[in-house]
file model.cif (mmCIF, C-alpha atoms and all ligand atoms)
data_structure
#
loop_
_atom_site.label_atom_id
_atom_site.label_comp_id
_atom_site.auth_asym_id
_atom_site.auth_seq_id
_atom_site.Cartn_x
_atom_site.Cartn_y
_atom_site.Cartn_z
CA MET A 263 0.00 0.00 0.00
CA ARG A 264 1.31 3.45 -0.85
CA ALA A 265 1.37 5.70 2.21
CA ASN A 266 -0.65 8.37 0.40
CA ASP A 267 -3.45 5.91 -0.41
CA LEU A 268 -4.82 6.50 3.07
CA ASP A 269 -4.32 10.23 2.85
CA PRO A 270 -7.50 12.13 1.98
CA THR A 271 -5.82 14.18 -0.74
CA PHE A 272 -6.46 14.13 -4.46
CA ILE A 273 -3.46 13.84 -6.73
CA SER A 274 -2.97 13.61 -10.46
CA HIS A 275 -0.95 10.71 -11.85
CA ALA A 276 -0.71 12.17 -15.36
CA PRO A 277 1.21 12.01 -17.63
CA GLY A 278 3.10 9.14 -15.95
CA TYR A 279 4.03 6.51 -18.53
CA TRP A 280 2.88 8.92 -21.30
CA SER A 281 5.24 11.80 -20.53
CA GLY A 282 5.78 13.79 -23.69
CA GLU A 283 2.19 13.35 -24.87
CA ALA A 284 0.45 16.63 -25.74
CA ALA A 285 -2.05 17.75 -23.09
CA GLU A 286 -4.59 18.22 -25.86
CA ASN A 287 -4.40 14.50 -26.64
CA TRP A 288 -4.29 13.40 -23.04
CA ASN A 289 -7.44 15.36 -22.20
CA ASP A 290 -9.33 14.01 -25.21
CA HIS A 291 -11.43 10.96 -24.33
CA ARG A 292 -11.21 9.67 -27.90
CA TRP A 293 -7.40 9.71 -27.67
CA GLN A 294 -7.61 7.87 -24.34
CA LEU A 295 -9.79 5.17 -25.91
CA ARG A 296 -7.61 4.84 -29.01
CA ASN A 297 -4.53 4.46 -26.84
CA ARG A 298 -5.81 1.89 -24.39
CA VAL A 299 -3.32 -0.74 -23.30
CA ASP A 300 -4.91 -3.84 -24.81
CA SER A 301 -2.09 -6.12 -25.94
CA LEU A 302 0.63 -8.10 -24.26
CA SER A 303 3.37 -6.18 -26.08
CA GLU A 304 2.04 -2.79 -25.01
CA LEU A 305 1.74 -4.02 -21.46
CA GLU A 306 5.29 -5.40 -21.46
CA GLN A 307 6.66 -2.11 -22.75
CA ARG A 308 5.53 -0.48 -19.53
CA LEU A 309 5.48 -3.13 -16.80
CA ASN A 310 7.52 -6.12 -15.76
CA LEU A 311 4.93 -8.85 -15.83
CA SER A 312 4.99 -11.97 -13.73
CA ASP A 313 4.48 -15.34 -15.45
CA VAL A 314 1.08 -15.53 -13.81
CA GLU A 315 0.07 -12.24 -15.45
CA ARG A 316 1.60 -12.99 -18.85
CA ALA A 317 -0.35 -16.26 -19.05
CA GLY A 318 -3.45 -14.40 -17.85
CA VAL A 319 -3.21 -11.85 -20.67
CA LEU A 320 -3.06 -14.63 -23.26
CA LEU A 321 -6.09 -16.31 -21.72
CA ALA A 322 -8.05 -13.03 -21.61
CA GLY A 323 -8.35 -12.93 -25.39
CA THR A 324 -10.99 -15.68 -25.30
CA LYS A 325 -12.71 -14.80 -22.03
CA LEU A 326 -12.85 -11.15 -21.03
CA ALA A 327 -10.66 -8.80 -23.06
CA MET A 328 -7.96 -6.71 -21.44
CA ALA A 329 -8.13 -2.96 -22.01
CA ILE A 330 -6.85 -0.19 -19.74
CA THR A 331 -7.12 3.53 -20.45
CA PRO A 332 -3.84 5.47 -20.13
CA HIS A 333 -5.51 7.53 -17.38
CA PHE A 334 -6.21 4.43 -15.27
CA PHE A 335 -2.97 2.69 -16.22
CA ASN A 336 -1.03 5.53 -14.64
CA LEU A 337 -2.41 4.61 -11.22
CA ILE A 338 -0.49 1.32 -11.34
CA ASP A 339 2.53 1.21 -9.08
CA GLN A 340 5.25 -0.40 -11.21
CA ASP A 341 7.22 -1.61 -8.20
CA ASP A 342 4.37 -3.20 -6.32
CA PRO A 343 3.38 -6.69 -7.50
CA ASP A 344 0.31 -6.51 -5.23
CA CYS A 345 -0.76 -3.09 -6.49
CA PRO A 346 -4.53 -2.72 -5.90
CA ILE A 347 -5.04 -1.09 -9.30
CA ARG A 348 -3.01 -3.70 -11.16
CA ARG A 349 -5.09 -6.55 -9.71
CA GLN A 350 -8.35 -4.97 -10.90
CA VAL A 351 -7.40 -4.72 -14.58
CA ILE A 352 -4.41 -6.94 -15.40
CA PRO A 353 -5.47 -10.54 -16.01
CA ARG A 354 -3.93 -13.43 -14.07
CA ILE A 355 -3.88 -17.12 -14.92
CA GLU A 356 -6.14 -17.86 -11.92
CA GLU A 357 -9.00 -16.53 -14.08
CA GLY A 358 -8.74 -19.76 -16.04
CA TRP A 359 -9.76 -21.85 -13.05
CA ASN A 360 -13.46 -22.13 -12.28
CA ALA A 361 -14.26 -23.12 -8.70
CA PRO A 362 -17.16 -25.61 -8.44
CA GLU A 363 -19.50 -22.98 -6.98
CA GLU A 364 -18.79 -20.47 -9.75
CA MET A 365 -21.11 -19.64 -12.66
CA ALA A 366 -21.16 -17.82 -16.00
CA ASP A 367 -24.26 -15.85 -14.97
CA PRO A 368 -24.12 -15.65 -11.15
CA CYS A 369 -27.03 -13.23 -10.79
CA GLY A 370 -29.34 -15.30 -12.99
CA GLU A 371 -29.90 -12.38 -15.36
CA ASP A 372 -30.40 -14.41 -18.53
CA SER A 373 -33.34 -16.25 -16.99
CA HIS A 374 -35.03 -12.95 -16.03
CA MET A 375 -34.93 -11.33 -19.48
CA PRO A 376 -38.38 -10.90 -21.02
CA VAL A 377 -36.66 -9.15 -23.95
CA PRO A 378 -32.95 -9.58 -24.78
CA GLY A 379 -31.09 -6.83 -22.91
CA LEU A 380 -33.86 -6.11 -20.39
CA VAL A 381 -33.60 -7.77 -16.94
CA HIS A 382 -36.87 -7.56 -15.01
CA ARG A 383 -36.07 -9.08 -11.63
CA TYR A 384 -37.77 -6.69 -9.20
CA PRO A 385 -41.43 -5.64 -9.26
CA ASP A 386 -41.04 -1.96 -10.13
CA ARG A 387 -37.67 -1.59 -11.82
CA VAL A 388 -35.56 -2.97 -14.63
CA LEU A 389 -31.93 -3.26 -15.57
CA PHE A 390 -31.45 -2.26 -19.21
CA LEU A 391 -28.19 -3.60 -20.70
CA VAL A 392 -27.49 -1.17 -23.51
CA THR A 393 -23.92 -2.06 -24.52
CA ASP A 394 -21.30 -4.73 -23.95
CA ARG A 395 -18.31 -2.35 -24.09
CA CYS A 396 -16.46 -0.54 -21.29
CA ALA A 397 -13.56 1.92 -21.21
CA SER A 398 -11.46 -0.66 -19.33
CA TYR A 399 -12.35 -4.16 -18.17
CA CYS A 400 -12.55 -5.28 -14.53
CA ARG A 401 -11.23 -8.79 -14.07
CA TYR A 402 -14.06 -9.74 -11.67
CA CYS A 403 -16.87 -8.36 -13.87
CA THR A 404 -20.14 -10.06 -12.95
CA ARG A 405 -21.26 -9.79 -16.59
CA SER A 406 -18.03 -11.10 -18.14
CA ARG A 407 -20.12 -13.69 -20.02
CA VAL A 408 -21.13 -10.93 -22.46
CA VAL A 409 -18.96 -7.90 -21.67
CA SER A 410 -16.06 -7.02 -24.04
CA GLY A 411 -17.40 -9.20 -26.86
CA VAL A 412 -14.64 -11.84 -26.92
CA GLY A 413 -16.44 -14.60 -25.00
CA GLU A 414 -18.83 -17.18 -26.41
CA GLN A 415 -22.01 -15.35 -25.43
CA HIS A 416 -23.04 -12.01 -26.97
CA LEU A 417 -25.32 -9.24 -25.81
CA GLU A 418 -28.00 -8.54 -28.38
CA THR A 419 -30.11 -5.74 -27.01
CA GLN A 420 -33.42 -5.53 -28.86
CA TRP A 421 -34.12 -1.83 -28.69
CA GLU A 422 -37.63 -1.52 -30.07
CA PRO A 423 -39.05 -4.60 -28.27
CA ALA A 424 -37.40 -3.35 -25.04
CA PHE A 425 -39.04 0.11 -25.33
CA LYS A 426 -42.38 -1.54 -26.18
CA TYR A 427 -42.07 -3.75 -23.07
CA LEU A 428 -41.37 -0.69 -20.91
CA GLU A 429 -44.36 1.14 -22.42
CA LYS A 430 -46.66 -1.79 -21.80
CA HIS A 431 -45.53 -2.53 -18.23
CA LYS A 432 -46.94 0.36 -16.22
CA GLU A 433 -45.56 -1.09 -12.98
CA ILE A 434 -42.02 -0.14 -14.07
CA ARG A 435 -41.17 3.20 -12.55
CA ASP A 436 -37.36 2.88 -12.41
CA VAL A 437 -34.97 2.10 -15.27
CA LEU A 438 -31.27 1.44 -14.69
CA LEU A 439 -29.12 1.78 -17.80
CA SER A 440 -26.03 -0.37 -17.58
CA GLY A 441 -24.00 -2.82 -19.61
CA GLY A 442 -21.12 -2.51 -20.31
CA ASP A 443 -20.88 1.23 -19.90
CA PRO A 444 -23.64 3.47 -21.32
CA LEU A 445 -21.45 6.59 -21.12
CA LEU A 446 -19.35 5.20 -23.97
CA PHE A 447 -22.22 6.15 -26.30
CA SER A 448 -22.05 9.51 -28.05
CA ASP A 449 -23.98 12.40 -26.49
CA ASP A 450 -26.46 12.19 -29.36
CA ARG A 451 -27.15 8.51 -28.99
CA LEU A 452 -27.59 8.78 -25.21
CA ASP A 453 -29.85 11.80 -25.67
CA LYS A 454 -32.10 9.78 -27.98
CA ILE A 455 -32.31 6.83 -25.55
CA LEU A 456 -33.05 9.10 -22.59
CA THR A 457 -35.62 11.07 -24.60
CA ARG A 458 -37.41 7.85 -25.52
CA LEU A 459 -37.43 6.70 -21.89
CA ARG A 460 -38.66 10.10 -20.74
CA SER A 461 -41.54 9.89 -23.22
CA ILE A 462 -42.96 6.99 -21.16
CA PRO A 463 -45.10 8.67 -18.49
CA HIS A 464 -44.90 5.95 -15.80
CA ILE A 465 -41.07 5.96 -15.75
CA GLN A 466 -40.34 8.25 -12.84
CA PHE A 467 -36.70 7.56 -12.24
CA VAL A 468 -33.75 6.84 -14.51
CA ARG A 469 -30.20 6.06 -13.50
CA ILE A 470 -27.02 5.16 -15.31
CA GLY A 471 -24.43 2.74 -13.96
CA SER A 472 -20.99 3.75 -15.19
CA ARG A 473 -17.32 3.39 -14.37
CA ILE A 474 -16.41 6.04 -16.97
CA PRO A 475 -15.88 8.81 -14.37
CA ILE A 476 -13.13 6.57 -12.91
CA PHE A 477 -11.64 4.99 -16.05
CA LEU A 478 -12.08 7.92 -18.41
CA PRO A 479 -12.89 11.18 -16.57
CA GLN A 480 -12.13 13.07 -19.81
CA ARG A 481 -15.45 11.76 -21.17
CA ILE A 482 -17.40 13.82 -18.59
CA THR A 483 -17.45 16.92 -20.77
CA PRO A 484 -19.54 20.05 -20.12
CA GLU A 485 -21.57 19.10 -23.24
CA LEU A 486 -22.37 15.64 -21.84
CA CYS A 487 -23.43 17.18 -18.50
CA ALA A 488 -25.64 19.76 -20.24
CA MET A 489 -27.36 16.96 -22.18
CA LEU A 490 -27.87 14.73 -19.12
CA LYS A 491 -29.32 17.66 -17.21
CA LYS A 492 -32.29 17.80 -19.59
CA HIS A 493 -33.44 14.37 -18.42
CA HIS A 494 -33.87 14.89 -14.68
CA PRO A 495 -34.55 13.19 -12.32
CA LEU A 496 -31.44 11.29 -13.36
CA PHE A 497 -29.00 9.62 -10.96
CA ILE A 498 -25.59 8.10 -11.75
CA SER A 499 -24.04 5.15 -9.90
CA ILE A 500 -20.30 5.05 -10.28
CA HIS A 501 -18.03 2.12 -9.45
CA THR A 502 -14.80 2.60 -7.55
CA ASN A 503 -12.98 0.27 -5.17
CA HIS A 504 -9.85 1.97 -3.94
CA PRO A 505 -9.02 5.51 -2.79
CA ARG A 506 -6.17 5.86 -5.31
CA GLU A 507 -8.80 5.85 -8.08
CA LEU A 508 -10.08 9.22 -6.86
CA THR A 509 -7.59 11.51 -8.57
CA THR A 510 -7.93 15.25 -9.19
CA GLU A 511 -9.28 14.51 -12.70
CA VAL A 512 -11.90 12.13 -11.29
CA ARG A 513 -12.87 14.60 -8.57
CA ASP A 514 -13.34 17.33 -11.18
CA ALA A 515 -15.38 15.05 -13.46
CA LEU A 516 -17.64 14.05 -10.56
CA GLY A 517 -17.92 17.73 -9.64
CA ARG A 518 -19.20 18.53 -13.14
CA LEU A 519 -21.86 15.81 -12.82
CA ALA A 520 -22.85 16.99 -9.35
CA ASP A 521 -23.03 20.59 -10.59
CA ALA A 522 -25.45 19.37 -13.28
CA GLY A 523 -27.70 18.34 -10.39
CA ILE A 524 -27.07 14.62 -10.80
CA PRO A 525 -27.13 12.75 -7.47
CA LEU A 526 -24.19 10.36 -7.35
CA GLY A 527 -23.83 6.99 -5.62
CA ASN A 528 -20.96 4.53 -5.57
CA GLN A 529 -20.91 0.76 -5.82
CA SER A 530 -17.81 -1.10 -4.64
CA VAL A 531 -16.95 -4.77 -4.71
CA MET A 532 -15.07 -6.44 -1.86
CA LEU A 533 -11.83 -7.63 -3.44
CA ARG A 534 -9.04 -9.64 -1.86
CA GLY A 535 -5.83 -7.69 -1.42
CA ILE A 536 -7.43 -4.59 -2.95
CA ASN A 537 -9.89 -3.15 -0.46
CA ASP A 538 -10.38 -5.89 2.15
CA ASN A 539 -9.53 -3.78 5.16
CA VAL A 540 -11.27 -1.04 7.05
CA GLU A 541 -8.53 1.60 6.60
CA VAL A 542 -8.71 1.45 2.80
CA GLN A 543 -12.52 1.42 2.83
CA LYS A 544 -12.59 4.39 5.17
CA ALA A 545 -10.19 6.40 3.01
CA LEU A 546 -12.31 5.53 -0.04
CA ILE A 547 -15.67 6.57 1.44
CA HIS A 548 -14.27 9.76 2.94
CA LYS A 549 -12.89 10.78 -0.45
CA LEU A 550 -16.21 9.86 -2.07
CA LEU A 551 -18.07 12.22 0.28
CA MET A 552 -15.59 14.96 -0.65
CA CYS A 553 -16.57 14.29 -4.29
CA ARG A 554 -20.27 14.54 -3.38
CA VAL A 555 -20.78 10.82 -3.95
CA LYS A 556 -22.85 8.76 -1.49
CA PRO A 557 -21.38 5.27 -0.92
CA TYR A 558 -24.39 3.15 -1.96
CA TYR A 559 -23.58 -0.57 -2.06
CA LEU A 560 -20.60 -2.68 -1.03
CA TYR A 561 -20.99 -6.00 -2.86
CA GLN A 562 -19.76 -9.37 -1.85
CA CYS A 563 -17.97 -10.46 -5.06
CA ASP A 564 -20.35 -12.52 -7.19
CA LEU A 565 -19.54 -16.17 -7.89
CA ILE A 566 -18.37 -15.34 -11.39
CA ASN A 567 -16.20 -17.91 -13.15
CA GLY A 568 -12.50 -17.45 -12.46
CA SER A 569 -12.83 -15.05 -9.52
CA SER A 570 -11.88 -17.13 -6.49
CA HIS A 571 -8.46 -15.45 -6.20
CA LEU A 572 -10.24 -12.10 -5.78
CA ARG A 573 -13.09 -13.09 -3.49
CA THR A 574 -13.13 -12.46 0.27
CA ALA A 575 -15.04 -14.19 3.07
CA VAL A 576 -18.47 -12.74 3.80
CA ALA A 577 -17.37 -12.12 7.40
CA GLU A 578 -14.72 -9.67 6.15
CA GLY A 579 -17.38 -7.45 4.60
CA VAL A 580 -19.45 -7.59 7.78
CA SER A 581 -16.46 -6.66 9.91
CA ILE A 582 -15.71 -3.69 7.64
CA ILE A 583 -19.26 -2.37 8.10
CA GLU A 584 -18.83 -2.88 11.86
CA GLY A 585 -15.63 -0.90 11.73
CA LEU A 586 -17.42 1.97 10.01
CA ARG A 587 -20.84 2.23 11.67
CA GLY A 588 -20.61 4.66 14.56
CA HIS A 589 -16.95 5.33 13.83
CA THR A 590 -17.61 7.64 10.91
CA THR A 591 -20.29 9.70 9.15
CA GLY A 592 -23.48 7.74 8.60
CA TYR A 593 -23.71 9.09 5.04
CA ALA A 594 -20.38 7.47 4.25
CA ILE A 595 -21.49 3.92 5.07
CA PRO A 596 -22.60 1.71 2.18
CA GLN A 597 -25.04 -1.18 2.51
CA PHE A 598 -23.20 -4.49 2.30
CA VAL A 599 -25.11 -6.87 -0.01
CA ILE A 600 -24.91 -10.31 -1.54
CA ASP A 601 -26.62 -10.87 -4.86
CA GLY A 602 -28.50 -14.11 -4.20
CA PRO A 603 -26.85 -16.69 -6.52
CA GLY A 604 -29.03 -17.61 -9.48
CA GLY A 605 -31.29 -14.54 -9.31
CA GLY A 606 -32.16 -13.86 -5.67
CA GLY A 607 -31.53 -10.14 -6.05
CA LYS A 608 -29.60 -7.98 -3.61
CA ILE A 609 -29.83 -9.18 -0.03
CA PRO A 610 -28.53 -6.88 2.75
CA ILE A 611 -26.06 -8.33 5.25
CA ASN A 612 -25.60 -6.41 8.48
CA PRO A 613 -23.54 -6.87 11.61
CA ASN A 614 -25.75 -8.22 14.36
CA TYR A 615 -26.55 -5.43 16.80
CA VAL A 616 -29.52 -7.25 18.37
CA VAL A 617 -28.29 -9.32 21.31
CA GLU A 618 -31.75 -10.57 22.32
CA SER A 619 -35.37 -9.75 21.66
CA GLY A 620 -38.78 -10.74 22.97
CA SER A 621 -40.35 -10.57 26.45
CA GLY A 622 -41.21 -6.88 26.09
CA LYS A 623 -37.71 -5.59 25.37
CA ILE A 624 -34.94 -5.65 22.85
CA THR A 625 -31.32 -5.86 23.97
CA LEU A 626 -28.90 -4.02 21.70
CA ARG A 627 -25.16 -3.64 21.33
CA ASN A 628 -23.76 -0.28 20.21
CA PHE A 629 -20.60 0.36 18.14
CA GLU A 630 -18.48 0.43 21.32
CA GLY A 631 -19.81 -2.92 22.51
CA GLU A 632 -21.99 -1.43 25.28
CA ILE A 633 -25.33 -3.09 25.95
CA PHE A 634 -28.65 -1.22 25.95
CA ASP A 635 -32.20 -2.39 26.72
CA TYR A 636 -35.01 -0.76 24.81
CA PRO A 637 -38.43 -1.59 26.32
CA ASP A 638 -40.51 -2.62 23.33
CA PRO A 639 -43.83 -0.83 23.77
CA THR A 640 -46.75 -3.22 24.02
CA LEU A 641 -49.33 -2.13 21.50
CA ILE A 642 -52.45 -0.52 22.93
CA PRO A 643 -55.41 -2.59 21.69
CA GLN A 644 -57.74 -0.85 19.25
CA ARG A 645 -60.75 -1.04 21.65
CA ASP A 646 -58.77 0.86 24.34
CA PHE A 647 -58.04 3.56 21.75
CA LEU A 648 -61.75 3.85 20.99
CA LYS A 649 -62.51 4.15 24.72
CA LEU A 650 -59.91 6.91 25.04
CA GLN A 651 -61.44 8.69 22.07
CA GLU A 652 -64.90 8.59 23.67
CA LEU A 653 -63.47 9.91 26.92
CA ALA A 654 -61.77 12.76 25.08
CA LEU A 655 -64.99 13.64 23.26
CA ASP A 656 -66.92 13.60 26.57
CA LEU A 657 -64.38 15.93 28.13
CA ALA A 658 -64.53 18.28 25.16
CA ARG A 659 -68.32 18.58 25.36
C1 LIG B 1 -29.20 -4.03 -8.93
C2 LIG B 1 -30.34 -4.25 -9.77
C3 LIG B 1 -31.39 -3.32 -9.83
C4 LIG B 1 -31.39 -2.06 -8.98
O1 LIG B 1 -31.49 -2.38 -7.62
P1 LIG B 1 -31.49 -1.24 -6.51
O2 LIG B 1 -31.46 -1.97 -5.20
O3 LIG B 1 -32.75 -0.45 -6.71
O4 LIG B 1 -30.29 -0.40 -6.73
C5 LIG B 1 -32.46 -3.60 -10.65
N1 LIG B 1 -32.51 -4.73 -11.38
C6 LIG B 1 -31.53 -5.65 -11.33
C7 LIG B 1 -31.66 -6.89 -12.13
C8 LIG B 1 -30.41 -5.44 -10.53
O5 LIG B 1 -29.42 -6.35 -10.50
S1 LIG B 2 -17.03 -1.34 -15.77
FE1 LIG B 2 -18.69 -2.65 -14.95
S2 LIG B 2 -19.49 -3.76 -16.74
FE2 LIG B 2 -17.48 -2.93 -17.32
S3 LIG B 2 -16.01 -4.54 -16.89
FE3 LIG B 2 -16.10 -3.26 -15.06
S4 LIG B 2 -17.64 -4.24 -13.75
FE4 LIG B 2 -17.94 -5.07 -15.83
#
call {"tool": "encode", "arguments": {"input": "model.cif", "output": "structure tokens"}}
result
Amino acid sequence: MRANDLDPTFISHAPGYWSGEAAENWNDHRWQLRNRVDSLSELEQRLNLSDVERAGVLLAGTKLAMAITPHFFNLIDQDDPDCPIRRQVIPRIEEGWNAPEEMADPCGEDSHMPVPGLVHRYPDRVLFLVTDRCASYCRYCTRSRVVSGVGEQHLETQWEPAFKYLEKHKEIRDVLLSGGDPLLFSDDRLDKILTRLRSIPHIQFVRIGSRIPIFLPQRITPELCAMLKKHHPLFISIHTNHPRELTTEVRDALGRLADAGIPLGNQSVMLRGINDNVEVQKALIHKLLMCRVKPYYLYQCDLINGSSHLRTAVAEGVSIIEGLRGHTTGYAIPQFVIDGPGGGGKIPINPNYVVESGSGKITLRNFEGEIFDYPDPTLIPQRDFLKLQELALDLAR
């Protein structure tokens, strides 16, 4: 761990490995995308790879592609083999081993798709998978079966049938655009999708799930923000796992979104050796609050094929929440969840603060381990209420 990872300051890592590149290029999101590190030779030009990584990169070509934006690549600490950034985006051979409990579709999304691309798992909201591409690829991606386009399965979003389904199902009031990363679309294309969604009267709430503010903050242009602003109420959920990811560029990009009135939340995944301790999580959530982002969910890593080297024990997530609750700002604390394998949806997991309940009281433990009894009020029966009401009316007469 770098000492400054726990320091609540924002630093820029540019130009790093790209010293000599014109600022005009560096700040252009198209240049960043064109110059992604996506081959073994480019990777080896910049980093000394271990055998485990080199073999992982070769394997990635048939599973989940490797691609890393120059912006994000610069966060990698060349001298640290356990660098928390490196482990998120550089493949390792362990990805080739599927543990018996692992699955291609751990959240059971394919079996909840009434229309290809549209996951209707909850009563009032849908997940709309609009693209299979991202700015960079996370090695533990829960949707790696379709994301990046190199695997066997492909995402084939059926636009018109999906919009028709949304129009017909009046119970859907919340649409979450995800993928892949919707913010890779051009402003025009996104504008058209959002306009179409906004033309459906029963859709009250739209949000976009995106890691672009972290991987490619240059994409968060004033023009994009001005376009998004027309489609309020619109929320954005970002995805960041480690405090080093919150650089000055990322802070400024998030600031532009927040200034456009877009409420921001963050989703993190518990990852072994990356953010599996309370100090790192605390530094992350404190920096998120400084960026006007509410930590929303902390996920137990899904049982995605080839992820056992990155997964943590459930108890580690619980102990992190315990180490946060009461010890820091309530706003900073995410909800720890497990996505029920096979399509159970998000299930909250909380530390147990209830020591005992029943017999007219509940015994609770606070964050310092002290015990408190709260007398559970016995409910006043309805007929006693009616008697009291009569009495009050008599008195008033
Ligand atoms: C996560 C998810 C949602 C959104 O859930 P929230 O708890 O409202 O954030 C909706 N649909 C699916 C299939 C999801 O996985
Ligand atoms: S940004 Fe999201 S969808 Fe894309 S690879 Fe990472 S986790 Fe998967």
call {"tool": "closest_residue", "arguments": {"input": "model.cif", "among": "A:Pro343, A:Pro505, A:Gly527, A:Gly517", "to": "ligand LIG 1 (chain B)", "atoms": "only C-alpha atoms and all ligand atoms"}}
result
A:Gly527
call {"tool": "atom_distance", "arguments": {"input": "model.cif", "atom1": "CA of Arg292 in chain A", "atom2": "CA of Arg473 in chain A"}}
result
16.1 Å
call {"tool": "residues_near_ligand", "arguments": {"input": "model.cif", "ligand": "ligand LIG 2 (chain B)", "cutoff": "9 Å", "atoms": "only C-alpha atoms and all ligand atoms", "output": "JSON, numbers by chain"}}
result
{"A": [326, 350, 351, 394, 395, 396, 397, 398, 399, 400, 401, 402, 403, 404, 405, 406, 409, 410, 440, 441, 442, 443, 471, 472, 473, 474, 477, 501]}
call {"tool": "residues_near_point", "arguments": {"input": "model.cif", "point": "(7.7, -0.8, -6.2)", "cutoff": "12 Å", "atoms": "all atoms listed in the file", "output": "PDB file with C-alpha atoms, in the coordinates of the input"}}
result
ATOM      1  CA  MET A 263       0.000   0.000   0.000  1.00  0.00           C
ATOM      2  CA  ARG A 264       1.310   3.450  -0.850  1.00  0.00           C
ATOM      3  CA  LEU A 309       5.480  -3.130 -16.800  1.00  0.00           C
ATOM      4  CA  ASN A 310       7.520  -6.120 -15.760  1.00  0.00           C
ATOM      5  CA  ILE A 338      -0.490   1.320 -11.340  1.00  0.00           C
ATOM      6  CA  ASP A 339       2.530   1.210  -9.080  1.00  0.00           C
ATOM      7  CA  GLN A 340       5.250  -0.400 -11.210  1.00  0.00           C
ATOM      8  CA  ASP A 341       7.220  -1.610  -8.200  1.00  0.00           C
ATOM      9  CA  ASP A 342       4.370  -3.200  -6.320  1.00  0.00           C
ATOM     10  CA  PRO A 343       3.380  -6.690  -7.500  1.00  0.00           C
ATOM     11  CA  ASP A 344       0.310  -6.510  -5.230  1.00  0.00           C
ATOM     12  CA  CYS A 345      -0.760  -3.090  -6.490  1.00  0.00           C
TER      13      CYS A 345
END
call {"tool": "residues_near_ligand", "arguments": {"input": "model.cif", "ligand": "ligand LIG 1 (chain B)", "cutoff": "8 Å", "atoms": "all atoms listed in the file", "output": "compact mmCIF listing (two decimals) with C-alpha atoms, in the frame of the given file"}}
result
# COMPACT_ATOMS: atom_id res chain seq x y z
CA CYS A 369 -27.03 -13.23 -10.79
CA GLU A 371 -29.90 -12.38 -15.36
CA HIS A 374 -35.03 -12.95 -16.03
CA VAL A 381 -33.60 -7.77 -16.94
CA HIS A 382 -36.87 -7.56 -15.01
CA ARG A 383 -36.07 -9.08 -11.63
CA TYR A 384 -37.77 -6.69 -9.20
CA ARG A 387 -37.67 -1.59 -11.82
CA VAL A 388 -35.56 -2.97 -14.63
CA LEU A 389 -31.93 -3.26 -15.57
CA VAL A 437 -34.97 2.10 -15.27
CA LEU A 438 -31.27 1.44 -14.69
CA ASP A 601 -26.62 -10.87 -4.86
CA GLY A 607 -31.53 -10.14 -6.05
CA LYS A 608 -29.60 -7.98 -3.61
call {"tool": "axis_aligned_box", "arguments": {"input": "model.cif", "around": "range 275-289 of chain A", "padding_each_side": "3 Å", "output": "JSON"}}
result
{"center_x": -0.8, "center_y": 12.4, "center_z": -19.2, "size_x": 19.2, "size_y": 17.7, "size_z": 20.8}
call {"tool": "closest_residue", "arguments": {"input": "model.cif", "among": "A:Met532, A:Phe598, A:Gly323, A:Phe629", "to": "Thr574 in chain A", "atoms": "only C-alpha atoms"}}
result
A:Met532
call {"tool": "closest_residue", "arguments": {"input": "model.cif", "among": "A:Lys430, A:Arg506, A:Arg435, A:His571", "to": "Gly358 in chain A", "atoms": "all atoms listed in the file"}}
result
A:His571
call {"tool": "residues_around", "arguments": {"input": "model.cif", "residues": "range 548-555 of chain A", "least_positions_apart": "2", "cutoff": "6 Å", "atoms": "only C-alpha atoms", "output": "PyMOL selection string"}}
result
chain A and resi 513+526-527+545-546
call {"tool": "write_last_selection", "arguments": {"input": "model.cif", "atoms": "C-alpha atoms", "output": "mmCIF file, in the coordinates of the input"}}
result
data_model
loop_
_atom_site.group_PDB
_atom_site.id
_atom_site.type_symbol
_atom_site.label_atom_id
_atom_site.label_comp_id
_atom_site.auth_asym_id
_atom_site.auth_seq_id
_atom_site.Cartn_x
_atom_site.Cartn_y
_atom_site.Cartn_z
ATOM 1 C CA ARG A 513 -12.870 14.600 -8.570
ATOM 2 C CA LEU A 526 -24.190 10.360 -7.350
ATOM 3 C CA GLY A 527 -23.830 6.990 -5.620
ATOM 4 C CA ALA A 545 -10.190 6.400 3.010
ATOM 5 C CA LEU A 546 -12.310 5.530 -0.040
#
call {"tool": "atom_distance", "arguments": {"input": "model.cif", "atom1": "CA of Gly585 in chain A", "atom2": "CA of Asp635 in chain A"}}
result
22.4 Å
call {"tool": "atom_distance", "arguments": {"input": "model.cif", "atom1": "CA of Leu268 in chain A", "atom2": "CA of Gln562 in chain A"}}
result
22.3 Å
call {"tool": "closest_residue", "arguments": {"input": "model.cif", "among": "A:His275, A:Arg354, A:Arg645, A:Arg296", "to": "Val319 in chain A", "atoms": "only C-alpha atoms"}}
result
A:Arg354
call {"tool": "closest_residue", "arguments": {"input": "model.cif", "among": "A:Pro277, A:His464, A:Glu632, A:Leu417", "to": "Gln294 in chain A", "atoms": "only C-alpha atoms"}}
result
A:Pro277
call {"tool": "closest_residue", "arguments": {"input": "model.cif", "among": "A:Thr393, A:Ser581, A:Asn567, A:Phe272", "to": "Phe447 in chain A", "atoms": "all atoms listed in the file"}}
result
A:Thr393
